[in-house]
Every structure is written in C-alpha cells, then in structure tokens.
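Q: Provided herewith is a single structure, encoded as structure tokens, for subsequent inquiry.
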Protein chains: 2
Amino acid sequence: MQLILGGVTGDSDSGRRAAAGPARDEAVDAIHRELTAFARRARARTARLHPDLSLVTYSMLDHLKESGGCRATDLAAHFLLDKSTVSRQTAALERLGLVVREPDPDDQRGQLLRPSERGLRVLADAHEQRRASFAERLAGWDDDDLERLAEYLRRYNAAG
Amino acid sequence: MQLILGGVTGDSDSGRRAAAGPARDEAVDAIHRELTAFARRARARTARLHPDLSLVTYSMLDHLKESGGCRATDLAAHFLLDKSTVSRQTAALERLGLVVREPDPDDQRGQLLRPSERGLRVLADAHEQRRASFAERLAGWDDDDLERLAEYLRRYNAAG
DNA sequence: AGTATAAGTTGCACAGTGCAACCGAAGGGG
DNA sequence: CCCCTTCGGTTGCACTGTGCAACTTATACT
C-alpha cells in the first residue's frame with residue numbers, strides 16, 4: 001500500500017514549523033484526544049465484526065500476508081508485543097486453521113508463519129467488512145481530504 | 001477544546017467527493033491501517049506512562065473535569081462502555097482518592113462524580129506527560145498540518 | 001566442546017470488559 | 001395511595017489480551 005501524494009507539507013524546512021503557541025497546543029491536544037477516543041472505540045467495534053478475528057489477530061494475519069510470511073519474533077517486534085502474547089495469538093490462528101507453520105529454512109529454531117488458503121479468504125472477508133465500515137464513515141469526505149488524512153497518519157505512525 | 005479552522009474542505013458540496021476509485025480505496029485502506037496501528041500501540045504506551053491512570057481511567061477523569069461532573073451512566077454513554085465497567089473504574093478512581101462522589105440533587109438514585117483536588121493534580125500531570133510525548137512526536141510538523149490533522153480526526157470521530 | 005544467545009512455549013497474575021442478576025430509589029397509572 | 005415499571009448502580013462470573021519469568025531447544029561463537 002503506497003500513496004503518492006502532493007500537497008502535504010512534509011518538507012520540514014517550512015519556516016513556521018514547531019512554533020510554540022496556544023493554537024499549536026490546542027491542535028496537539030485535539031489530536032491526542034481524538035486518537036485516544038478512536039483507540040478506545042476501535043477495540044469494542046472490531047470485536048463485534050468478525051468473532052474469530054480480533055483486532056490483534058486480524059492485524060497479525062494481515063501482516064503475515066503483506067510480509068509474505070515471517071516468524072513469531074518478527075510479529076512481536078512489529079507490533080511491540082511480548083513474544084508470549086504472539087505465541088498465543090498465532091497458536092489460536094493455527095487452531096482456527098488460518099495460518100500454517102513451516103520450518104524456517106534459514107534457522108532451524110524458528111518457524112515461518114503464513115496465512116493458509118482459508119486464512120486468506122477470512123482475511124479478505126474481514127478486510128472487506130472493515131473497509132466498508134470505514135468507507136461508510138468516510139463517505140462524505142472529499143478525495144483530497146482523504147488523501148491528506150491518510151498521509152498524515154502514515155507520517156505520524158512512521159515517527160513512532 | 002474548540003478549534004476554529006479555515007482551509008478544511010468540510011463543505012460537502014465539492015464536486016469531487018465520494019468519487020469511487022483506486023486512489024480513494026487506497027486512502028481509505030491506509031487510514032484504516034494506520035488508525036488501527038495507532039490504536040494497538042496507544043494502549044501499550046499509555047499503560048507505562050502513569051501507573052495509576054490507565055487510558056480508560058485517564059479519559060474518564062478528563063471527561064469528569066471537562067463536563068464539570070456527571071453520573072456514571074453518562075460516562076458509560078459517552079465512552080460506549082457497559083455500566084458495570086464504569087462502576088469498577090470509577091470505584092478504582094475513588095479508592096485512589098482521585099474522584100469524589102456526591103448525591104445528585106436532582107435524582108436521589110444517582111451520584112455525581114467529580115475529580116478531587118488530588119485528581120485534578122494527577123490529571124494535569126498525566127496530561128502534561130502525554131502532551132509532551134505527543135508534542136515530541138509531532139515536533140517536525142508544520143502548524144497548518146497539525147491543525148488540519150486535528151480537524152480531520154475531530155470530523156472522523158464525530159461521524160461515529 | 002562449552003557457553004552464550006535466540007525462538008518459542010507455558011505457568012502465573014492481572015486489567016479490562018460484557019452479560020446477567022440483583023438492589024434501591026423514582027415515577028406513573030390504576 | 002399502592003403496585004409495577006424504569007433507571008442508576010453494584011456484584012458475580014467468565015473470558016480475552018497482556019507481560020513477566022522460567023523453561024526447552026536449537027544455533028552461533030570462541
């Protein structure tokens with residue numbers, strides 16, 4: 001997923017950046033508040049959409065697909081989770097038949113995790129449900145605004 | 001917290017809005033992915049910042065301050081949580097001495113919840129910590145971009 | 001070879017959550 | 001005026017997600 005955008009002032013040489021001030025503080029506050037509000041609701045909402053696929057397992061399965069398969073340790077690093085948590089979630093995904101394990105050819109200690117056929121189908125289904133829910137929420141938005149918001153969020157998360 | 005902004009095309013009469021297309025789908029996908037990535041990390045991060053004040057209790061305490069005091073039921077409605085969850089979280093806040101209960105003068109069944117003196121102090125402290133962490137993350141951002149992002153998020157959450 | 005390191009699993013504890021059952025106080029017809 | 005409903009709140013129960021620590025096994029390095 002790549003976005004090629006113009007118009008977002010990511011070039012950090014603009015003279016007005018990082019100017020402390022009340023307006024800026026308010027913007028930071030608002031971003032803080034709205035992002036946490038989103039975080040709070042996301043968990044509750046996604047739990048209802050697809051019973052077998054929580055927010056976490058969905059994200060993991062998605063990452064396995066996007067990365068073309070990786071080890072549990074890589075998942076833990078990517079999602080900033082403890083390896084025990086990853087171990088349990090991947091075990092659950094395996095029990096559901098959504099991922100398959102194969103020995104890592106490069107390192108006999110590790111296992112490569114990949115989505116199974118069924119995993120890919122369930123993922124596509126869940127993805128479509130979620131995308132539809134998002135699209136509905138964003139229905140009234142201008143294309144330019146959508147692209148700017150997408151780029152802002154990518155920039156924000158990339159910084160962390 | 002109010003932001004008065006220009007430049008955000010919230011007027012939904014623009015001719016290019018809601019035009020389905022691959023670019024728009026990619027933007028929606030990216031927003032979906034980045035927001036969930038944020039949600040995933042927010043919980044883990046905020047848990048470390050202030051041990052007594054989780055993301056949930058912090059948000060509740062903040063809402064009690066901003067609303068000037070409200071009932072548990074109001075918190076549940078605002079945060080889309082079960083009343084039992086709110087009951088437990090507010091009980092925890094009370095045990096910590098961060099909120100006080102007083103009988104609701106209008107309805108003897110309910111109790112008004114307010115931050116205590118100490119609650120206000122702890123809240124201000126936690127707020128400052130979080131704001132600093134956010135400000136650091138957003139240090140390289142142009143003021144205009146910050147305000148646009150804040151407005152986008154407000155608009156997004158308001159729609160839900 | 002022997003030791004340190006890395007991947008993964010498992011036991012344990014704990015927070016957050018929802019549902020259902022319950023209690024007590026208002027409130028609204030009969 | 002009394003009963004019955006409704007509403008605010010608490011508690012018991014179960015379940016998920018999580019981290020830490022201990023352990024197992026396999027690799028890597030000196």
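Just remember, in the structure tokens the first chain shown is A, the second B, etc., residues are 1-based per chain, and ligands are 1-based in the order shown.
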Restrict the distance test to only C-alpha atoms, flag each residue of chain A within 7 Å of chain B, and return the flagged residues as an NGL selection string.
A: :A and (1 or 12 or 16-18 or 24 or 27-32 or 34 or 38-39 or 131 or 134-135 or 137 or 139-143 or 146-147 or 149-150 or 152-154 or 157 or 159)
Q: Tell me as a PyMOL selection string which residues belonging to chain B come within 10 Å of chain D, counting only C-alpha atoms (C1' of nucleotides).
A: chain B and resi 44+71-73+83-84+86-88+107-111
Q: For a test of reading the model, state the distance in Å between atom CA of Arg114 of chain B and atom CA of Ala92 of chain B, rounded to one decimal.
A: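 Atom CA of Ala92 of chain B lies 13.6 Å from atom CA of Arg114 of chain B.
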Q: Using only C-alpha atoms (C1' of nucleotides), which chain C residues lie at most 7 Å away from chain B, written as a ChimeraX atom specification?
A: /C:17-18,25
Q: With DSSP run on the backbone, what are the strand (DSSP E or B) residues within segment 72-157 of chain A? I'd like them as a ChimeraX atom specification.
A: /A:99-103,111-115
Q: Please, which residues of chain B, numbered as in this document, come out alpha helix (DSSP H) from DSSP, as a ChimeraX atom specification?
A: /B:22-49,55-67,72-79,83-95,117-137,143-159
Q: To one decimal place in Å, what is the distance between atom C1' of DA15 of chain C and atom CA of Leu93 of chain B?
A: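 Separation of atom C1' of DA15 of chain C and atom CA of Leu93 of chain B: 14.1 Å.
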